[in-house]
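Worksheet for the structure shown next.
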Amino acid sequence: MPRPLAVTGGVLFCTLWILGLLPRAALLPMIGCAAVLCAVVLCVRALRRKGLLLHVCAVILAGCVLFYVYDRFVYLPVAALDGKTVRVTASLADLPQQNGDGFRTTLRTDSVDDAPMRCRIALFTDEAPALTCRQTVTFRARLYASSEPGSSGVWLRAFEMDEPEYAGRTDFFGSMLSVRQYVIETLLQRMPGANGAVLAAMLTGNERVIPADLYARMRDCGIVHIFAVSGLHLSVFSMLLYRFLERRRAPRLLVVLPSAALTFLLMAVTGFSYSCVRAGIMLFMMLFGRCFLWRSDAYNALGASLLVMGIIDPFCAGNVGLQLSVLGTLGVVLASPIVERRVEALRVRPRFLRKPVVLIVSALLVSTCIHILTLPVVVTAFGRVSLVSPLANACLLFAAQWAMIAAAAALLLTAIPAFAVLSKPLLFGAGLLAKYCVTISDVFGRLPFAAVRADYAGLRFWIAGTLIVASAAILLRGSAIRKAAICSAVSLSILVSGLAFHAWNLRDLARITVLDTGNASAVLLQSRGRTALIGCGNKRTPSLVRQYADRIDLFVVPRDRETECGAAAALAGAVPCAEIWTPQRTRTLEPLFFHTDPIVTTRGTRIVGDAELTFDSEAQAVFLRIYGRTALLVFAPGCDLRKIPRAWLDADVLVSRSDIPPALEAENYAAVLLARDARQGALPQNGALTAVTAGNGDIYLDVRKDGAIGFGRGDSDA
């Protein structure tokens, strides 16, 4: 059978991914269906002779059984802790991370109520816990479990810790976490600002140290994968050591073992993330294959890594980072022969330009192939597509590699006092390369169509066009390879052109929509394909939001009143929310915290497309700046006008619930928008534009780039 490991690992991974999308009640029927399918193949002689078909059926059955066993005996015992107050003994699984005004810490448990149990807990606290990498903590907390096992491996949450007791502990994972902390702190101390943060993220995979606005531009450029430690990072360091030892003519085993040990240490420092483990297994197979003269096949190595990871953790198949890593690796493998042929055909004059031209062409071809293969996951998971990703990656690929090498070498020299002075020129060079990466992301990220939103209508158009092109290719005569290449090119052009037209259509328009949710606050801001939701009143809100957006970039929960947060948890479950702000954790908001990671903050500012949104929970108001126009959203009753800045009160547009506060005068605003039900008072007759929802449909206000304001009413039917 050709490439048996590739077939086994690929089929198992796809099976586990599909099972992760199904409800738990469907697991046993899926096992029955897989068993029946295997029996049919075994009984029918014509099918039985096709060994590949029998092999695939057996792997599907094994995957179903594996997923069911893992769900029954690993996840369900953890889920049984939901709502219980228990005593937990745990240690750090990752460094504490800033989460709005508080902190989020991931813990790895040793025991729960003195019974051995291995799981992870996301702990949310107002202050960073006094827990170091070489300690354990025993505390009491009320635990909350996710309703379905997610692919992140964190299924429990806790808010604050009671009666903490700390004890010393020394283990391998704690030591590796200390190394990770040393790398981040040293780089940020020696190189404050964005450059040091970028280098720290490259070496450790901790992208949270990067400023939010810079990370958003890098995401639009499609280059954030350089912060997810995987094949690029491991191969840079392990192969650098391998080549160095090989050129010193060391014995084959003494070349492979140090390289494999370095690979394992890098995996440990990054916390054994899914993408890093996948890359590490492939490198192990390649290294030991060279040691024992095996023929290393990239497809089999990729399949073997997926097989091992699927057996260890069947839920890993649903992890978006791992999916992108797998498809990206597959793109590199598929692109390699194409790149070799194209590079050989290049004729560059003068000759000294051949090497840089070859590097640029190779990087561009590889990044394009990766971009095409990862496109389905990117579209469905993030709802946005970067149109400049291949070019940006081609410009950054080699700079990122040398920046990592220089930064790692500088850190090693810094740890040795006698050679610490030699680290300065290396850090200077790494800083210049990091500055180059930041500059490239700024240049590409600020382009008008750097990234566009993949809305549902655009996806349907893309799928329909692709099916038509594929059908035409089947009917027409010609080479299968040539038709496949043409179909891929046409399909990609349909997607890119459709998304570009969608972005161009929204280029100079921002829309504020007051949803018709009755006497409740729910305001939608849309600009350049970005969406923010402010308030989430009642059970109608999720269905109303889905009429306008398939994804929320920022969800602001202004306070814990039912009129602003009544459907917060339901909406977060119905519409993907990239970021959630809330001023506090209260009993009313507990359902939102069970299954999401809101940022607890009393004040914050975020750029949404071309609009600037500022939230102040003390004043209970939100202020928007759009194309020279301003809008004030007040949450009455309860807002404190004395705490609202004067510049906010002088806004052009006023949005409120029920009615505007008595101290504000409607005639001072160019437009007044109110959300209330039909039983309340008559429409106030002041203000240039004044409107209420009152069951008559959503109200939208368009602000164009020249500052012109347009008004309209949408359909409130869900």
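Naming scheme: A, B, ... for chains in displayed order of the structure tokens; residues 1 onward per chain; ligands 1 onward as shown.
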
Using DSSP on the backbone, list every residue of range 18-250 of chain A that comes out as helix (DSSP H, G or I), and give them as a compact mmCIF listing (two decimals) with N, CA and C atoms, in the first residue's frame.
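Final output, out-v8.txt:
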```
# COMPACT_ATOMS: atom_id res chain seq x y z
N ILE A 18 -14.47 15.35 12.23
CA ILE A 18 -15.91 15.26 11.99
C ILE A 18 -16.65 14.89 13.27
N LEU A 19 -16.12 13.96 14.05
CA LEU A 19 -16.76 13.57 15.30
C LEU A 19 -16.82 14.74 16.28
N GLY A 20 -15.81 15.60 16.25
CA GLY A 20 -15.81 16.76 17.12
C GLY A 20 -16.91 17.75 16.80
N LEU A 21 -17.42 17.72 15.57
CA LEU A 21 -18.50 18.62 15.18
C LEU A 21 -19.88 18.07 15.54
N ARG A 24 -22.77 14.73 21.25
CA ARG A 24 -22.32 13.52 21.94
C ARG A 24 -23.26 12.35 21.69
N ALA A 25 -24.54 12.62 21.51
CA ALA A 25 -25.51 11.54 21.30
C ALA A 25 -25.27 10.79 20.00
N ALA A 26 -24.50 11.38 19.08
CA ALA A 26 -24.28 10.74 17.78
C ALA A 26 -23.06 9.82 17.77
N LEU A 27 -22.31 9.73 18.88
CA LEU A 27 -21.09 8.94 18.89
C LEU A 27 -21.36 7.44 18.73
N LEU A 28 -22.30 6.92 19.53
CA LEU A 28 -22.60 5.48 19.42
C LEU A 28 -23.18 5.12 18.05
N PRO A 29 -24.14 5.90 17.50
CA PRO A 29 -24.59 5.59 16.13
C PRO A 29 -23.47 5.63 15.10
N MET A 30 -22.51 6.54 15.27
CA MET A 30 -21.38 6.61 14.34
C MET A 30 -20.52 5.35 14.45
N ILE A 31 -20.33 4.83 15.67
CA ILE A 31 -19.58 3.58 15.84
C ILE A 31 -20.31 2.44 15.14
N GLY A 32 -21.65 2.40 15.30
CA GLY A 32 -22.44 1.36 14.64
C GLY A 32 -22.34 1.44 13.13
N CYS A 33 -22.43 2.64 12.59
CA CYS A 33 -22.34 2.81 11.13
C CYS A 33 -20.96 2.39 10.62
N ALA A 34 -19.89 2.76 11.35
CA ALA A 34 -18.55 2.38 10.93
C ALA A 34 -18.36 0.87 10.99
N ALA A 35 -18.94 0.23 12.02
CA ALA A 35 -18.83 -1.22 12.12
C ALA A 35 -19.57 -1.92 10.98
N VAL A 36 -20.77 -1.41 10.65
CA VAL A 36 -21.53 -1.98 9.53
C VAL A 36 -20.76 -1.81 8.23
N LEU A 37 -20.14 -0.67 8.04
CA LEU A 37 -19.37 -0.42 6.83
C LEU A 37 -18.20 -1.40 6.71
N CYS A 38 -17.50 -1.64 7.82
CA CYS A 38 -16.40 -2.61 7.80
C CYS A 38 -16.91 -4.01 7.48
N ALA A 39 -18.07 -4.36 8.07
CA ALA A 39 -18.63 -5.69 7.81
C ALA A 39 -19.00 -5.87 6.34
N VAL A 40 -19.56 -4.83 5.74
CA VAL A 40 -19.94 -4.90 4.32
C VAL A 40 -18.71 -5.09 3.45
N VAL A 41 -17.64 -4.34 3.75
CA VAL A 41 -16.42 -4.46 2.97
C VAL A 41 -15.82 -5.86 3.11
N LEU A 42 -15.89 -6.43 4.32
CA LEU A 42 -15.34 -7.77 4.54
C LEU A 42 -16.16 -8.85 3.84
N CYS A 43 -17.47 -8.63 3.76
CA CYS A 43 -18.35 -9.66 3.19
C CYS A 43 -18.36 -9.64 1.66
N ARG A 45 -16.63 -9.66 -1.75
CA ARG A 45 -15.30 -10.04 -2.22
C ARG A 45 -14.66 -8.94 -3.06
N ALA A 46 -15.46 -8.30 -3.91
CA ALA A 46 -14.89 -7.26 -4.78
C ALA A 46 -14.35 -6.09 -3.97
N LEU A 47 -15.04 -5.78 -2.87
CA LEU A 47 -14.57 -4.69 -2.02
C LEU A 47 -13.41 -5.14 -1.15
N ARG A 48 -13.46 -6.39 -0.72
CA ARG A 48 -12.41 -6.89 0.16
C ARG A 48 -11.06 -6.92 -0.55
N GLY A 51 -7.58 -3.45 -0.83
CA GLY A 51 -7.03 -3.32 0.52
C GLY A 51 -7.12 -1.92 1.08
N LEU A 52 -6.98 -0.92 0.22
CA LEU A 52 -7.03 0.45 0.70
C LEU A 52 -8.39 0.78 1.30
N LEU A 53 -9.47 0.31 0.67
CA LEU A 53 -10.81 0.58 1.17
C LEU A 53 -11.02 -0.05 2.54
N LEU A 54 -10.60 -1.30 2.70
CA LEU A 54 -10.72 -1.97 3.99
C LEU A 54 -9.89 -1.25 5.05
N HIS A 55 -8.71 -0.82 4.68
CA HIS A 55 -7.84 -0.10 5.60
C HIS A 55 -8.50 1.20 6.07
N VAL A 56 -9.08 1.95 5.16
CA VAL A 56 -9.74 3.21 5.50
C VAL A 56 -10.92 2.95 6.44
N CYS A 57 -11.73 1.93 6.14
CA CYS A 57 -12.89 1.62 6.99
C CYS A 57 -12.45 1.24 8.40
N ALA A 58 -11.37 0.46 8.49
CA ALA A 58 -10.87 0.06 9.81
C ALA A 58 -10.38 1.27 10.61
N VAL A 59 -9.72 2.19 9.94
CA VAL A 59 -9.24 3.39 10.63
C VAL A 59 -10.42 4.25 11.10
N ILE A 60 -11.45 4.37 10.28
CA ILE A 60 -12.64 5.14 10.68
C ILE A 60 -13.28 4.52 11.92
N LEU A 61 -13.42 3.19 11.93
CA LEU A 61 -14.00 2.51 13.09
C LEU A 61 -13.13 2.72 14.33
N ALA A 62 -11.82 2.59 14.17
CA ALA A 62 -10.92 2.80 15.31
C ALA A 62 -11.00 4.23 15.82
N GLY A 63 -11.12 5.20 14.91
CA GLY A 63 -11.25 6.59 15.32
C GLY A 63 -12.53 6.84 16.10
N CYS A 64 -13.64 6.25 15.67
CA CYS A 64 -14.91 6.42 16.38
C CYS A 64 -14.83 5.84 17.78
N VAL A 65 -14.25 4.63 17.90
CA VAL A 65 -14.12 4.00 19.22
C VAL A 65 -13.19 4.82 20.11
N LEU A 66 -12.09 5.28 19.55
CA LEU A 66 -11.13 6.07 20.33
C LEU A 66 -11.77 7.36 20.84
N PHE A 67 -12.50 8.04 19.99
CA PHE A 67 -13.14 9.29 20.40
C PHE A 67 -14.16 9.04 21.50
N TYR A 68 -14.94 7.97 21.36
CA TYR A 68 -15.96 7.65 22.36
C TYR A 68 -15.33 7.31 23.71
N VAL A 69 -14.28 6.50 23.69
CA VAL A 69 -13.61 6.11 24.95
C VAL A 69 -13.01 7.33 25.63
N TYR A 70 -12.37 8.20 24.84
CA TYR A 70 -11.76 9.40 25.42
C TYR A 70 -12.82 10.32 25.99
N ASP A 71 -13.94 10.48 25.31
CA ASP A 71 -15.02 11.33 25.81
C ASP A 71 -15.62 10.75 27.10
N ARG A 72 -15.80 9.43 27.12
CA ARG A 72 -16.46 8.78 28.26
C ARG A 72 -15.58 8.74 29.50
N PHE A 73 -14.30 8.43 29.33
CA PHE A 73 -13.46 8.16 30.48
C PHE A 73 -12.45 9.26 30.80
N VAL A 74 -12.33 10.25 29.93
CA VAL A 74 -11.42 11.36 30.19
C VAL A 74 -12.18 12.67 30.39
N TYR A 75 -13.06 13.00 29.43
CA TYR A 75 -13.74 14.28 29.52
C TYR A 75 -14.87 14.27 30.55
N LEU A 76 -15.74 13.28 30.53
CA LEU A 76 -16.91 13.28 31.41
C LEU A 76 -16.56 13.33 32.90
N PRO A 77 -15.50 12.63 33.38
CA PRO A 77 -15.13 12.82 34.79
C PRO A 77 -14.74 14.26 35.12
N VAL A 78 -14.12 14.94 34.16
CA VAL A 78 -13.79 16.35 34.38
C VAL A 78 -15.06 17.20 34.35
N ALA A 79 -15.97 16.92 33.41
CA ALA A 79 -17.21 17.69 33.31
C ALA A 79 -18.09 17.51 34.53
N PHE A 172 10.40 18.94 35.39
CA PHE A 172 10.88 19.30 34.06
C PHE A 172 10.03 20.41 33.45
N PHE A 173 8.69 20.29 33.56
CA PHE A 173 7.81 21.28 32.94
C PHE A 173 7.98 22.65 33.59
N GLY A 174 8.15 22.67 34.92
CA GLY A 174 8.38 23.94 35.59
C GLY A 174 9.67 24.59 35.15
N SER A 175 10.71 23.78 34.95
CA SER A 175 11.99 24.32 34.49
C SER A 175 11.87 24.90 33.08
N MET A 176 11.16 24.21 32.21
CA MET A 176 10.98 24.71 30.85
C MET A 176 10.14 26.00 30.83
N LEU A 177 9.17 26.07 31.74
CA LEU A 177 8.36 27.29 31.83
C LEU A 177 9.21 28.46 32.35
N SER A 178 10.16 28.14 33.23
CA SER A 178 11.08 29.18 33.70
C SER A 178 11.95 29.69 32.56
N VAL A 179 12.37 28.79 31.68
CA VAL A 179 13.15 29.21 30.50
C VAL A 179 12.31 30.13 29.62
N ARG A 180 11.05 29.76 29.43
CA ARG A 180 10.18 30.60 28.61
C ARG A 180 10.01 31.98 29.24
N GLN A 181 9.85 32.02 30.55
CA GLN A 181 9.72 33.30 31.24
C GLN A 181 11.00 34.12 31.10
N TYR A 182 12.14 33.46 31.20
CA TYR A 182 13.43 34.15 31.06
C TYR A 182 13.56 34.76 29.67
N VAL A 183 13.19 34.02 28.64
CA VAL A 183 13.29 34.52 27.27
C VAL A 183 12.44 35.78 27.10
N ILE A 184 11.19 35.72 27.56
CA ILE A 184 10.28 36.86 27.37
C ILE A 184 10.77 38.07 28.15
N GLU A 185 11.08 37.88 29.42
CA GLU A 185 11.48 39.01 30.27
C GLU A 185 12.80 39.63 29.80
N THR A 186 13.74 38.79 29.39
CA THR A 186 15.04 39.31 28.95
C THR A 186 14.91 40.14 27.68
N LEU A 187 14.17 39.64 26.71
CA LEU A 187 14.00 40.37 25.46
C LEU A 187 13.23 41.67 25.67
N LEU A 188 12.19 41.64 26.49
CA LEU A 188 11.42 42.86 26.73
C LEU A 188 12.22 43.87 27.54
N GLN A 189 13.13 43.38 28.39
CA GLN A 189 13.96 44.28 29.17
C GLN A 189 15.07 44.89 28.33
N ARG A 190 15.72 44.07 27.51
CA ARG A 190 16.82 44.56 26.68
C ARG A 190 16.33 45.36 25.47
N ALA A 194 7.80 47.36 20.57
CA ALA A 194 7.25 46.37 19.65
C ALA A 194 8.30 45.39 19.15
N ASN A 195 9.55 45.84 18.94
CA ASN A 195 10.57 44.94 18.41
C ASN A 195 10.87 43.79 19.36
N GLY A 196 11.04 44.10 20.64
CA GLY A 196 11.29 43.06 21.62
C GLY A 196 10.11 42.13 21.77
N ALA A 197 8.89 42.68 21.70
CA ALA A 197 7.69 41.85 21.80
C ALA A 197 7.59 40.89 20.63
N VAL A 198 7.93 41.37 19.42
CA VAL A 198 7.88 40.50 18.24
C VAL A 198 8.90 39.37 18.36
N LEU A 199 10.11 39.68 18.81
CA LEU A 199 11.12 38.63 18.98
C LEU A 199 10.71 37.62 20.04
N ALA A 200 10.16 38.11 21.17
CA ALA A 200 9.71 37.20 22.22
C ALA A 200 8.60 36.29 21.73
N ALA A 201 7.69 36.84 20.92
CA ALA A 201 6.61 36.02 20.38
C ALA A 201 7.14 34.99 19.39
N MET A 202 8.14 35.36 18.58
CA MET A 202 8.71 34.42 17.62
C MET A 202 9.34 33.22 18.32
N LEU A 203 10.04 33.46 19.43
CA LEU A 203 10.78 32.39 20.09
C LEU A 203 9.91 31.55 21.01
N THR A 204 8.86 32.11 21.57
CA THR A 204 8.06 31.38 22.56
C THR A 204 6.64 31.08 22.10
N GLU A 207 1.99 35.30 21.60
CA GLU A 207 1.69 36.50 20.84
C GLU A 207 1.00 37.57 21.65
N ARG A 208 0.58 37.25 22.89
CA ARG A 208 -0.12 38.25 23.70
C ARG A 208 0.80 39.40 24.13
N VAL A 209 2.12 39.23 24.02
CA VAL A 209 3.02 40.32 24.38
C VAL A 209 3.07 41.38 23.29
N ALA A 212 -1.83 45.20 20.65
CA ALA A 212 -3.04 44.74 19.96
C ALA A 212 -3.15 45.31 18.54
N ASP A 213 -2.81 46.60 18.35
CA ASP A 213 -2.95 47.19 17.02
C ASP A 213 -1.95 46.59 16.04
N LEU A 214 -0.72 46.33 16.49
CA LEU A 214 0.28 45.71 15.62
C LEU A 214 -0.12 44.28 15.28
N TYR A 215 -0.63 43.55 16.26
CA TYR A 215 -1.05 42.17 16.00
C TYR A 215 -2.21 42.13 15.00
N ALA A 216 -3.11 43.12 15.09
CA ALA A 216 -4.23 43.18 14.15
C ALA A 216 -3.73 43.39 12.72
N ARG A 217 -2.72 44.24 12.54
CA ARG A 217 -2.17 44.46 11.20
C ARG A 217 -1.45 43.21 10.70
N MET A 218 -0.74 42.54 11.58
CA MET A 218 -0.07 41.30 11.18
C MET A 218 -1.09 40.23 10.82
N ARG A 219 -2.21 40.21 11.52
CA ARG A 219 -3.26 39.25 11.18
C ARG A 219 -3.84 39.56 9.81
N ASP A 220 -4.02 40.84 9.51
CA ASP A 220 -4.53 41.22 8.19
C ASP A 220 -3.54 40.86 7.09
N CYS A 221 -2.25 40.86 7.41
CA CYS A 221 -1.23 40.48 6.43
C CYS A 221 -1.10 38.97 6.30
N VAL A 224 0.72 35.99 11.07
CA VAL A 224 0.76 35.67 12.50
C VAL A 224 1.25 34.24 12.74
N HIS A 225 1.33 33.43 11.68
CA HIS A 225 1.80 32.05 11.87
C HIS A 225 3.25 32.02 12.33
N ILE A 226 4.00 33.10 12.14
CA ILE A 226 5.40 33.10 12.59
C ILE A 226 5.47 33.14 14.12
N PHE A 227 4.34 33.39 14.79
CA PHE A 227 4.32 33.38 16.25
C PHE A 227 3.76 32.07 16.81
N GLY A 231 6.80 24.05 12.53
CA GLY A 231 7.88 23.53 11.70
C GLY A 231 8.94 24.56 11.36
N LEU A 232 8.53 25.80 11.07
CA LEU A 232 9.50 26.84 10.72
C LEU A 232 10.51 27.04 11.84
N HIS A 233 10.02 27.16 13.08
CA HIS A 233 10.90 27.45 14.21
C HIS A 233 11.77 26.26 14.58
N LEU A 234 11.16 25.07 14.67
CA LEU A 234 11.94 23.89 15.06
C LEU A 234 13.00 23.56 14.02
N SER A 235 12.63 23.62 12.74
CA SER A 235 13.59 23.26 11.70
C SER A 235 14.75 24.26 11.64
N VAL A 236 14.48 25.54 11.91
CA VAL A 236 15.54 26.54 11.87
C VAL A 236 16.66 26.18 12.85
N PHE A 237 16.29 25.86 14.09
CA PHE A 237 17.30 25.62 15.11
C PHE A 237 17.87 24.20 15.04
N SER A 238 17.00 23.20 14.89
CA SER A 238 17.50 21.82 14.86
C SER A 238 18.37 21.56 13.63
N MET A 239 17.95 22.06 12.47
CA MET A 239 18.74 21.84 11.26
C MET A 239 20.02 22.68 11.27
N LEU A 240 19.99 23.83 11.94
CA LEU A 240 21.21 24.61 12.06
C LEU A 240 22.25 23.82 12.86
N LEU A 241 21.84 23.21 13.97
CA LEU A 241 22.75 22.38 14.75
C LEU A 241 23.16 21.13 13.98
N TYR A 242 22.21 20.55 13.28
CA TYR A 242 22.50 19.34 12.49
C TYR A 242 23.57 19.63 11.43
N ARG A 243 23.41 20.72 10.69
CA ARG A 243 24.38 21.05 9.65
C ARG A 243 25.75 21.36 10.25
N PHE A 244 25.74 22.04 11.40
CA PHE A 244 27.01 22.39 12.05
C PHE A 244 27.77 21.13 12.45
N LEU A 245 27.09 20.17 13.09
CA LEU A 245 27.75 18.94 13.52
C LEU A 245 28.13 18.06 12.33
N GLU A 246 27.30 18.08 11.30
CA GLU A 246 27.59 17.26 10.12
C GLU A 246 28.85 17.76 9.43
N ARG A 247 29.04 19.06 9.35
CA ARG A 247 30.23 19.60 8.69
C ARG A 247 31.49 19.35 9.52
```

**Fill in**
Correct to one decimal, the distance CA of Gly289 in chain A-CA of Leu12 in chain A is 23.7 Å

**Prompt:** Which value, in Å to one decimal, gives the distance between CA of Leu306 in chain A and CA of Ser111 in chain A?
**Reply:**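 Straight-line distance from CA of Leu306 in chain A to CA of Ser111 in chain A works out to 29.7 Å.
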
Please list as a PDB file with C-alpha atoms, in the first residue's frame every residue within 12 Å of range 636-647 of chain A, counting only C-alpha atoms and excluding residues in the same chain fewer than 4 positions away.
```pdb
ATOM      1  CA  ASN A 519     -36.767  48.059  25.699  1.00  0.00           C
ATOM      2  CA  ALA A 520     -33.169  46.825  25.512  1.00  0.00           C
ATOM      3  CA  SER A 521     -29.790  48.024  24.223  1.00  0.00           C
ATOM      4  CA  PRO A 558     -21.695  47.570  29.217  1.00  0.00           C
ATOM      5  CA  ARG A 559     -23.135  46.323  32.532  1.00  0.00           C
ATOM      6  CA  ASP A 560     -24.935  43.397  34.144  1.00  0.00           C
ATOM      7  CA  ARG A 561     -28.516  44.622  33.682  1.00  0.00           C
ATOM      8  CA  THR A 563     -31.528  45.161  29.284  1.00  0.00           C
ATOM      9  CA  GLU A 564     -27.882  45.125  28.154  1.00  0.00           C
ATOM     10  CA  THR A 614     -14.098  53.974  23.520  1.00  0.00           C
ATOM     11  CA  PHE A 615     -15.924  52.264  26.388  1.00  0.00           C
ATOM     12  CA  ASP A 616     -16.197  53.717  29.922  1.00  0.00           C
ATOM     13  CA  SER A 617     -18.097  51.577  32.418  1.00  0.00           C
ATOM     14  CA  GLU A 618     -18.041  54.190  35.200  1.00  0.00           C
ATOM     15  CA  ALA A 619     -19.891  56.665  32.997  1.00  0.00           C
ATOM     16  CA  GLN A 620     -21.839  53.745  31.447  1.00  0.00           C
ATOM     17  CA  ALA A 621     -21.345  55.162  27.974  1.00  0.00           C
ATOM     18  CA  VAL A 622     -19.600  54.390  24.676  1.00  0.00           C
ATOM     19  CA  PHE A 623     -18.112  57.039  22.393  1.00  0.00           C
ATOM     20  CA  LEU A 624     -17.537  56.569  18.643  1.00  0.00           C
ATOM     21  CA  ARG A 625     -15.463  58.580  16.157  1.00  0.00           C
ATOM     22  CA  THR A 630     -18.988  61.432  16.698  1.00  0.00           C
ATOM     23  CA  ALA A 631     -21.656  59.357  18.402  1.00  0.00           C
ATOM     24  CA  LEU A 632     -22.501  58.905  22.086  1.00  0.00           C
ATOM     25  CA  ALA A 651     -21.351  64.385  19.941  1.00  0.00           C
ATOM     26  CA  ASP A 652     -23.209  64.594  16.627  1.00  0.00           C
ATOM     27  CA  LEU A 654     -27.027  60.296  20.443  1.00  0.00           C
ATOM     28  CA  VAL A 655     -28.168  56.701  20.962  1.00  0.00           C
ATOM     29  CA  SER A 656     -30.102  55.682  24.065  1.00  0.00           C
ATOM     30  CA  ARG A 657     -32.585  53.144  25.433  1.00  0.00           C
ATOM     31  CA  SER A 658     -36.183  54.058  26.285  1.00  0.00           C
ATOM     32  CA  ASP A 659     -35.591  57.798  26.206  1.00  0.00           C
ATOM     33  CA  ILE A 660     -32.713  60.215  26.466  1.00  0.00           C
ATOM     34  CA  PRO A 661     -31.645  61.296  29.984  1.00  0.00           C
ATOM     35  CA  PRO A 662     -33.491  64.468  31.148  1.00  0.00           C
ATOM     36  CA  ALA A 663     -30.266  66.493  31.351  1.00  0.00           C
ATOM     37  CA  LEU A 664     -29.590  66.020  27.628  1.00  0.00           C
ATOM     38  CA  LEU A 674     -33.858  55.310  20.594  1.00  0.00           C
ATOM     39  CA  ALA A 675     -34.522  51.626  21.312  1.00  0.00           C
ATOM     40  CA  ARG A 676     -37.833  50.946  23.021  1.00  0.00           C
TER      41      ARG A 676
END
```

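Nearest to Ala407 in chain A of all the residues A:Leu346, A:Ile709, A:Ile607, A:Leu432 is A:Leu432, based on only C-alpha atoms.
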